[in-house]
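This is protein-v4.pdb. It holds PDB, C-alpha atoms and all ligand atoms.
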```pdb
ATOM      1  CA  MET A   1     106.612 316.660 223.916  1.00  0.00           C
ATOM      2  CA  GLN A   2     109.981 315.226 224.779  1.00  0.00           C
ATOM      3  CA  ALA A   3     111.291 312.311 222.678  1.00  0.00           C
ATOM      4  CA  GLU A   4     111.814 309.127 224.634  1.00  0.00           C
ATOM      5  CA  THR A   5     115.418 308.058 224.738  1.00  0.00           C
ATOM      6  CA  ALA A   6     116.544 304.496 225.328  1.00  0.00           C
ATOM      7  CA  PRO A   7     118.624 304.127 228.478  1.00  0.00           C
ATOM      8  CA  VAL A   8     122.331 304.090 227.704  1.00  0.00           C
ATOM      9  CA  ARG A   9     123.708 300.802 228.934  1.00  0.00           C
ATOM     10  CA  PRO A  10     127.400 300.407 229.660  1.00  0.00           C
ATOM     11  CA  ARG A  11     128.879 297.942 227.171  1.00  0.00           C
ATOM     12  CA  VAL A  12     129.385 294.487 228.628  1.00  0.00           C
ATOM     13  CA  SER A  13     132.860 293.100 228.060  1.00  0.00           C
ATOM     14  CA  SER A  14     133.300 290.134 225.731  1.00  0.00           C
ATOM     15  CA  THR A  15     136.147 287.746 225.015  1.00  0.00           C
ATOM     16  CA  HIS A  16     137.240 290.275 222.343  1.00  0.00           C
ATOM     17  CA  ASP A  17     138.170 292.656 225.160  1.00  0.00           C
ATOM     18  CA  CYS A  18     140.460 290.035 226.680  1.00  0.00           C
ATOM     19  CA  ARG A  19     143.929 290.341 225.243  1.00  0.00           C
ATOM     20  CA  LEU A  20     147.583 289.547 225.654  1.00  0.00           C
ATOM     21  CA  ILE A  21     149.745 292.529 226.522  1.00  0.00           C
ATOM     22  CA  ASP A  22     153.488 292.599 225.852  1.00  0.00           C
ATOM     23  CA  LEU A  23     155.346 293.988 228.813  1.00  0.00           C
ATOM     24  CA  PRO A  24     158.732 295.720 228.679  1.00  0.00           C
ATOM     25  CA  LYS A  25     161.630 293.288 228.897  1.00  0.00           C
ATOM     26  CA  ILE A  26     164.945 294.799 229.929  1.00  0.00           C
ATOM     27  CA  GLN A  27     167.490 292.235 228.814  1.00  0.00           C
ATOM     28  CA  ASP A  28     170.651 292.094 230.833  1.00  0.00           C
ATOM     29  CA  PRO A  29     173.465 289.561 231.110  1.00  0.00           C
ATOM     30  CA  ARG A  30     172.854 289.718 234.884  1.00  0.00           C
ATOM     31  CA  GLY A  31     169.243 288.607 234.412  1.00  0.00           C
ATOM     32  CA  ASN A  32     166.198 290.088 232.713  1.00  0.00           C
ATOM     33  CA  LEU A  33     163.745 292.555 234.242  1.00  0.00           C
ATOM     34  CA  THR A  34     160.089 293.273 233.502  1.00  0.00           C
ATOM     35  CA  PHE A  35     157.838 295.853 235.119  1.00  0.00           C
ATOM     36  CA  VAL A  36     154.262 297.072 234.969  1.00  0.00           C
ATOM     37  CA  GLU A  37     152.690 300.442 235.736  1.00  0.00           C
ATOM     38  CA  SER A  38     149.051 301.302 236.367  1.00  0.00           C
ATOM     39  CA  GLY A  39     147.558 303.360 233.579  1.00  0.00           C
ATOM     40  CA  SER A  40     150.079 302.405 230.901  1.00  0.00           C
ATOM     41  CA  HIS A  41     150.536 298.623 230.752  1.00  0.00           C
ATOM     42  CA  VAL A  42     147.704 297.885 233.169  1.00  0.00           C
ATOM     43  CA  PRO A  43     144.584 299.752 232.003  1.00  0.00           C
ATOM     44  CA  PHE A  44     143.244 300.238 235.543  1.00  0.00           C
ATOM     45  CA  GLU A  45     144.469 301.370 238.949  1.00  0.00           C
ATOM     46  CA  ILE A  46     145.963 298.364 240.720  1.00  0.00           C
ATOM     47  CA  GLU A  47     144.224 297.941 244.085  1.00  0.00           C
ATOM     48  CA  ARG A  48     145.400 294.426 244.901  1.00  0.00           C
ATOM     49  CA  ALA A  49     147.922 291.776 243.912  1.00  0.00           C
ATOM     50  CA  TYR A  50     147.782 288.080 244.689  1.00  0.00           C
ATOM     51  CA  TRP A  51     149.607 285.042 243.445  1.00  0.00           C
ATOM     52  CA  ILE A  52     148.791 281.375 243.037  1.00  0.00           C
ATOM     53  CA  TYR A  53     151.567 278.842 243.560  1.00  0.00           C
ATOM     54  CA  ASP A  54     152.247 275.252 244.713  1.00  0.00           C
ATOM     55  CA  VAL A  55     149.385 274.127 242.466  1.00  0.00           C
ATOM     56  CA  PRO A  56     149.110 270.324 242.454  1.00  0.00           C
ATOM     57  CA  GLY A  57     149.020 268.736 238.970  1.00  0.00           C
ATOM     58  CA  GLY A  58     145.531 268.638 237.476  1.00  0.00           C
ATOM     59  CA  SER A  59     144.100 271.364 239.739  1.00  0.00           C
ATOM     60  CA  VAL A  60     141.767 273.997 238.360  1.00  0.00           C
ATOM     61  CA  ARG A  61     141.717 277.522 239.799  1.00  0.00           C
ATOM     62  CA  GLY A  62     139.140 280.195 239.094  1.00  0.00           C
ATOM     63  CA  GLY A  63     135.791 278.831 238.005  1.00  0.00           C
ATOM     64  CA  HIS A  64     133.981 282.120 238.469  1.00  0.00           C
ATOM     65  CA  ALA A  65     133.513 285.643 237.127  1.00  0.00           C
ATOM     66  CA  TYR A  66     133.611 289.011 238.869  1.00  0.00           C
ATOM     67  CA  ARG A  67     130.791 291.510 238.689  1.00  0.00           C
ATOM     68  CA  LYS A  68     133.141 294.520 238.731  1.00  0.00           C
ATOM     69  CA  CYS A  69     136.758 293.509 239.127  1.00  0.00           C
ATOM     70  CA  HIS A  70     139.213 293.561 236.194  1.00  0.00           C
ATOM     71  CA  GLU A  71     142.308 291.407 236.333  1.00  0.00           C
ATOM     72  CA  PHE A  72     145.716 291.248 234.723  1.00  0.00           C
ATOM     73  CA  ILE A  73     147.320 287.799 234.853  1.00  0.00           C
ATOM     74  CA  VAL A  74     151.007 286.946 234.401  1.00  0.00           C
ATOM     75  CA  ALA A  75     152.765 283.567 234.483  1.00  0.00           C
ATOM     76  CA  LEU A  76     155.727 284.743 236.564  1.00  0.00           C
ATOM     77  CA  SER A  77     157.181 281.261 236.430  1.00  0.00           C
ATOM     78  CA  GLY A  78     156.290 278.080 234.552  1.00  0.00           C
ATOM     79  CA  SER A  79     153.114 277.909 232.501  1.00  0.00           C
ATOM     80  CA  PHE A  80     149.357 277.473 232.673  1.00  0.00           C
ATOM     81  CA  GLU A  81     146.334 278.079 230.490  1.00  0.00           C
ATOM     82  CA  VAL A  82     143.446 280.466 230.997  1.00  0.00           C
ATOM     83  CA  MET A  83     140.052 279.594 229.561  1.00  0.00           C
ATOM     84  CA  LEU A  84     137.813 282.663 229.152  1.00  0.00           C
ATOM     85  CA  ASP A  85     134.099 282.618 228.464  1.00  0.00           C
ATOM     86  CA  ASP A  86     131.710 285.523 227.868  1.00  0.00           C
ATOM     87  CA  GLY A  87     128.607 283.344 227.734  1.00  0.00           C
ATOM     88  CA  SER A  88     128.732 283.144 223.914  1.00  0.00           C
ATOM     89  CA  HIS A  89     132.396 282.570 223.075  1.00  0.00           C
ATOM     90  CA  ARG A  90     135.226 280.673 224.682  1.00  0.00           C
ATOM     91  CA  VAL A  91     138.906 281.419 224.132  1.00  0.00           C
ATOM     92  CA  ARG A  92     141.960 279.812 225.630  1.00  0.00           C
ATOM     93  CA  TYR A  93     145.313 281.480 226.248  1.00  0.00           C
ATOM     94  CA  ALA A  94     148.579 279.740 227.104  1.00  0.00           C
ATOM     95  CA  LEU A  95     150.689 281.852 229.452  1.00  0.00           C
ATOM     96  CA  ASN A  96     154.332 280.849 229.625  1.00  0.00           C
ATOM     97  CA  ARG A  97     156.403 284.046 229.546  1.00  0.00           C
ATOM     98  CA  SER A  98     156.867 286.431 232.451  1.00  0.00           C
ATOM     99  CA  TYR A  99     156.723 289.397 230.026  1.00  0.00           C
ATOM    100  CA  HIS A 100     153.259 288.523 228.678  1.00  0.00           C
ATOM    101  CA  ALA A 101     150.107 289.491 230.557  1.00  0.00           C
ATOM    102  CA  LEU A 102     146.500 288.577 229.964  1.00  0.00           C
ATOM    103  CA  LEU A 103     143.889 291.267 230.517  1.00  0.00           C
ATOM    104  CA  VAL A 104     140.548 289.902 231.754  1.00  0.00           C
ATOM    105  CA  PRO A 105     137.786 292.497 232.229  1.00  0.00           C
ATOM    106  CA  ASN A 106     134.814 292.029 234.544  1.00  0.00           C
ATOM    107  CA  LEU A 107     131.906 289.702 233.708  1.00  0.00           C
ATOM    108  CA  ILE A 108     134.153 287.116 232.039  1.00  0.00           C
ATOM    109  CA  TRP A 109     134.098 283.561 233.362  1.00  0.00           C
ATOM    110  CA  ARG A 110     137.643 282.200 233.815  1.00  0.00           C
ATOM    111  CA  GLU A 111     139.313 278.909 234.603  1.00  0.00           C
ATOM    112  CA  LEU A 112     143.043 278.485 235.107  1.00  0.00           C
ATOM    113  CA  ILE A 113     144.193 274.998 234.135  1.00  0.00           C
ATOM    114  CA  ASN A 114     147.205 272.880 233.180  1.00  0.00           C
ATOM    115  CA  PHE A 115     149.623 274.420 235.664  1.00  0.00           C
ATOM    116  CA  SER A 116     153.194 273.227 235.195  1.00  0.00           C
ATOM    117  CA  THR A 117     155.282 272.223 238.185  1.00  0.00           C
ATOM    118  CA  ASN A 118     156.490 275.260 240.156  1.00  0.00           C
ATOM    119  CA  SER A 119     154.366 277.700 238.172  1.00  0.00           C
ATOM    120  CA  VAL A 120     153.415 281.008 239.750  1.00  0.00           C
ATOM    121  CA  ALA A 121     150.433 283.060 238.563  1.00  0.00           C
ATOM    122  CA  LEU A 122     150.589 286.735 239.511  1.00  0.00           C
ATOM    123  CA  VAL A 123     147.229 288.518 239.389  1.00  0.00           C
ATOM    124  CA  LEU A 124     146.831 292.295 239.556  1.00  0.00           C
ATOM    125  CA  ALA A 125     143.271 293.345 240.331  1.00  0.00           C
ATOM    126  CA  SER A 126     141.309 296.584 240.011  1.00  0.00           C
ATOM    127  CA  SER A 127     139.561 296.291 243.381  1.00  0.00           C
ATOM    128  CA  PRO A 128     140.152 295.014 246.895  1.00  0.00           C
ATOM    129  CA  PHE A 129     138.949 291.495 247.699  1.00  0.00           C
ATOM    130  CA  GLU A 130     135.176 291.427 248.009  1.00  0.00           C
ATOM    131  CA  ARG A 131     133.328 288.139 248.345  1.00  0.00           C
ATOM    132  CA  SER A 132     130.103 289.663 246.965  1.00  0.00           C
ATOM    133  CA  ASP A 133     131.847 290.523 243.690  1.00  0.00           C
ATOM    134  CA  TYR A 134     132.146 286.810 242.809  1.00  0.00           C
ATOM    135  CA  VAL A 135     129.696 284.941 240.563  1.00  0.00           C
ATOM    136  CA  ARG A 136     130.484 281.286 241.207  1.00  0.00           C
ATOM    137  CA  ASP A 137     127.496 279.640 239.556  1.00  0.00           C
ATOM    138  CA  TYR A 138     127.690 279.415 235.750  1.00  0.00           C
ATOM    139  CA  ALA A 139     123.898 279.630 235.312  1.00  0.00           C
ATOM    140  CA  ASP A 140     123.873 282.808 237.453  1.00  0.00           C
ATOM    141  CA  PHE A 141     126.713 284.146 235.307  1.00  0.00           C
ATOM    142  CA  LEU A 142     124.679 283.653 232.115  1.00  0.00           C
ATOM    143  CA  LYS A 143     121.620 285.264 233.722  1.00  0.00           C
ATOM    144  CA  LEU A 144     123.679 288.214 234.904  1.00  0.00           C
ATOM    145  CA  ARG A 145     125.185 288.770 231.458  1.00  0.00           C
ATOM    146  CA  ASN A 146     121.759 288.683 229.846  1.00  0.00           C
ATOM    147  CA  THR A 147     120.437 291.352 232.188  1.00  0.00           C
ATOM    148  CA  GLN A 148     123.351 293.777 231.686  1.00  0.00           C
TER     149      GLN A 148
HETATM  150  P1  LIG B 201     139.436 282.311 244.829  1.00  0.00           P
HETATM  151  O1  LIG B 201     139.399 283.683 244.234  1.00  0.00           O
HETATM  152  O2  LIG B 201     138.177 281.507 244.849  1.00  0.00           O
HETATM  153  O3  LIG B 201     140.567 281.441 244.132  1.00  0.00           O
HETATM  154  P2  LIG B 201     140.835 281.241 242.567  1.00  0.00           P
HETATM  155  O4  LIG B 201     142.048 282.031 242.280  1.00  0.00           O
HETATM  156  O5  LIG B 201     141.063 279.787 242.356  1.00  0.00           O
HETATM  157  O6  LIG B 201     139.650 281.740 241.841  1.00  0.00           O
HETATM  158  O7  LIG B 201     140.000 282.457 246.320  1.00  0.00           O
HETATM  159  C1  LIG B 201     140.269 281.347 247.133  1.00  0.00           C
HETATM  160  C2  LIG B 201     140.081 281.774 248.576  1.00  0.00           C
HETATM  161  O8  LIG B 201     140.986 282.822 248.898  1.00  0.00           O
HETATM  162  C3  LIG B 201     138.689 282.294 248.864  1.00  0.00           C
HETATM  163  O9  LIG B 201     138.285 281.814 250.142  1.00  0.00           O
HETATM  164  C4  LIG B 201     138.840 283.784 248.950  1.00  0.00           C
HETATM  165  C5  LIG B 201     140.280 283.961 249.386  1.00  0.00           C
HETATM  166  N1  LIG B 201     140.883 285.178 248.806  1.00  0.00           N
HETATM  167  C6  LIG B 201     141.149 286.251 249.614  1.00  0.00           C
HETATM  168  O10 LIG B 201     140.904 286.225 250.842  1.00  0.00           O
HETATM  169  N2  LIG B 201     141.701 287.381 249.058  1.00  0.00           N
HETATM  170  C7  LIG B 201     141.984 287.461 247.738  1.00  0.00           C
HETATM  171  O11 LIG B 201     142.489 288.512 247.245  1.00  0.00           O
HETATM  172  C8  LIG B 201     141.673 286.321 246.899  1.00  0.00           C
HETATM  173  C9  LIG B 201     141.947 286.368 245.429  1.00  0.00           C
HETATM  174  C10 LIG B 201     141.128 285.211 247.476  1.00  0.00           C
END
```
Could the structure of this file be written out as structure tokens, please?
Amino acid sequence: MQAETAPVRPRVSSTHDCRLIDLPKIQDPRGNLTFVESGSHVPFEIERAYWIYDVPGGSVRGGHAYRKCHEFIVALSGSFEVMLDDGSHRVRYALNRSYHALLVPNLIWRELINFSTNSVALVLASSPFERSDYVRDYADFLKLRNTQ
């Protein structure tokens, strides 16, 4: 008789998997330079980049999670905060350096808040834009996490 084995579930990301990544900073009297490469600084293949700018004071961006997509967020200019939530824990990161990036895996609820004037958020994403990848209802997010 064959022993029954429990199905192996892929591990669901938590706020502990979200982290700040120091990017190379090439200092130069002519102006500094920072770069990123897929596979080394960004732990996924970059399939898409988008940026958020001209954010009016007090606006909140995000307010959702992705089923599959991983993101890498940089404050290219100015500053803002990113609130991350895995359904059990909340952490908040202040991004204010263009050589710091925040890695946000899938299934993490995020809100981007407290944008300074003229701030620019660059986001590198692991998949092309797909509306069905969004979870925009927090109760659905909690349900989804509990069934993973
Ligand atoms: P959304 O991801 O909801 O914005 P936020 O950054 O605040 O979470 O996107 C806002 C709108 O832009 C929405 O209608 C989808 C559209 N959009 C695209 O068409 N392509 C993209 O790559 C992104 C990120 C958004």
With all atoms listed in the file counted, collect every polymer residue having an atom within 9 Å of ligand LIG 201 (chain B); state the result as a PyMOL selection string.
chain A and resi 48-52+60-65+110-112+123+125+128-131+134+136
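Going from CA of Trp109 in chain A to CA of Ala139 in chain A covers 11.1 Å.
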Nearest candidate to Ser98 in chain A (options A:Thr34, A:Ser119, A:Asn114, A:Ser14; using only C-alpha atoms)
A:Thr34
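Shortest separation to Thr117 in chain A among A:His100, A:Tyr53, A:Arg67, A:Leu144 occurs at residue A:Tyr53, atoms counted being all atoms listed in the file.
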Surrounding residues of Leu95 in chain A excluding itself and chain neighbours under 3 positions, 6 Å, all atoms listed in the file, as a ChimeraX atom specification
/A:75,79-81
Please provide the set of residues having any atom within 12 Å of Asp22 in chain A, restricted to only C-alpha atoms, with same-chain residues fewer than 6 positions apart removed, written as a PyMOL selection string.
chain A and resi 34-36+40-42+72-74+95+97-103
Please identify all polymer residues within 8 Å of His70 in chain A, counting all atoms listed in the file, omitting same-chain residues fewer than 4 positions from it, and present them as a PyMOL selection string.
chain A and resi 44+66+103-106+125-127
Residues at most 10 Å from Asn146 in chain A, counting all atoms listed in the file, excluding those fewer than 3 positions away in the same chain, as a list in words?
Val12, Gly87, Asp140, Phe141, Leu142 and Lys143 of chain A
May I ask which of the residues A:Asp85, A:Leu107, A:Asp133, A:Leu122 is the closest one to Thr147 in chain A, counting all atoms listed in the file?
A:Leu107
Could you state the separation of CA of Ile46 in chain A and CA of Glu71 in chain A in Å, given to one decimal place?
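Going from CA of Ile46 in chain A over to CA of Glu71 in chain A covers 9.0 Å.
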Between A:Asp137, A:Asp17, A:Asp54, A:Asp86, which is the closest to Ala121 in chain A once you count only C-alpha atoms?
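Ranking A:Asp137, A:Asp17, A:Asp54, A:Asp86 by distance to Ala121 in chain A, first place goes to A:Asp54.
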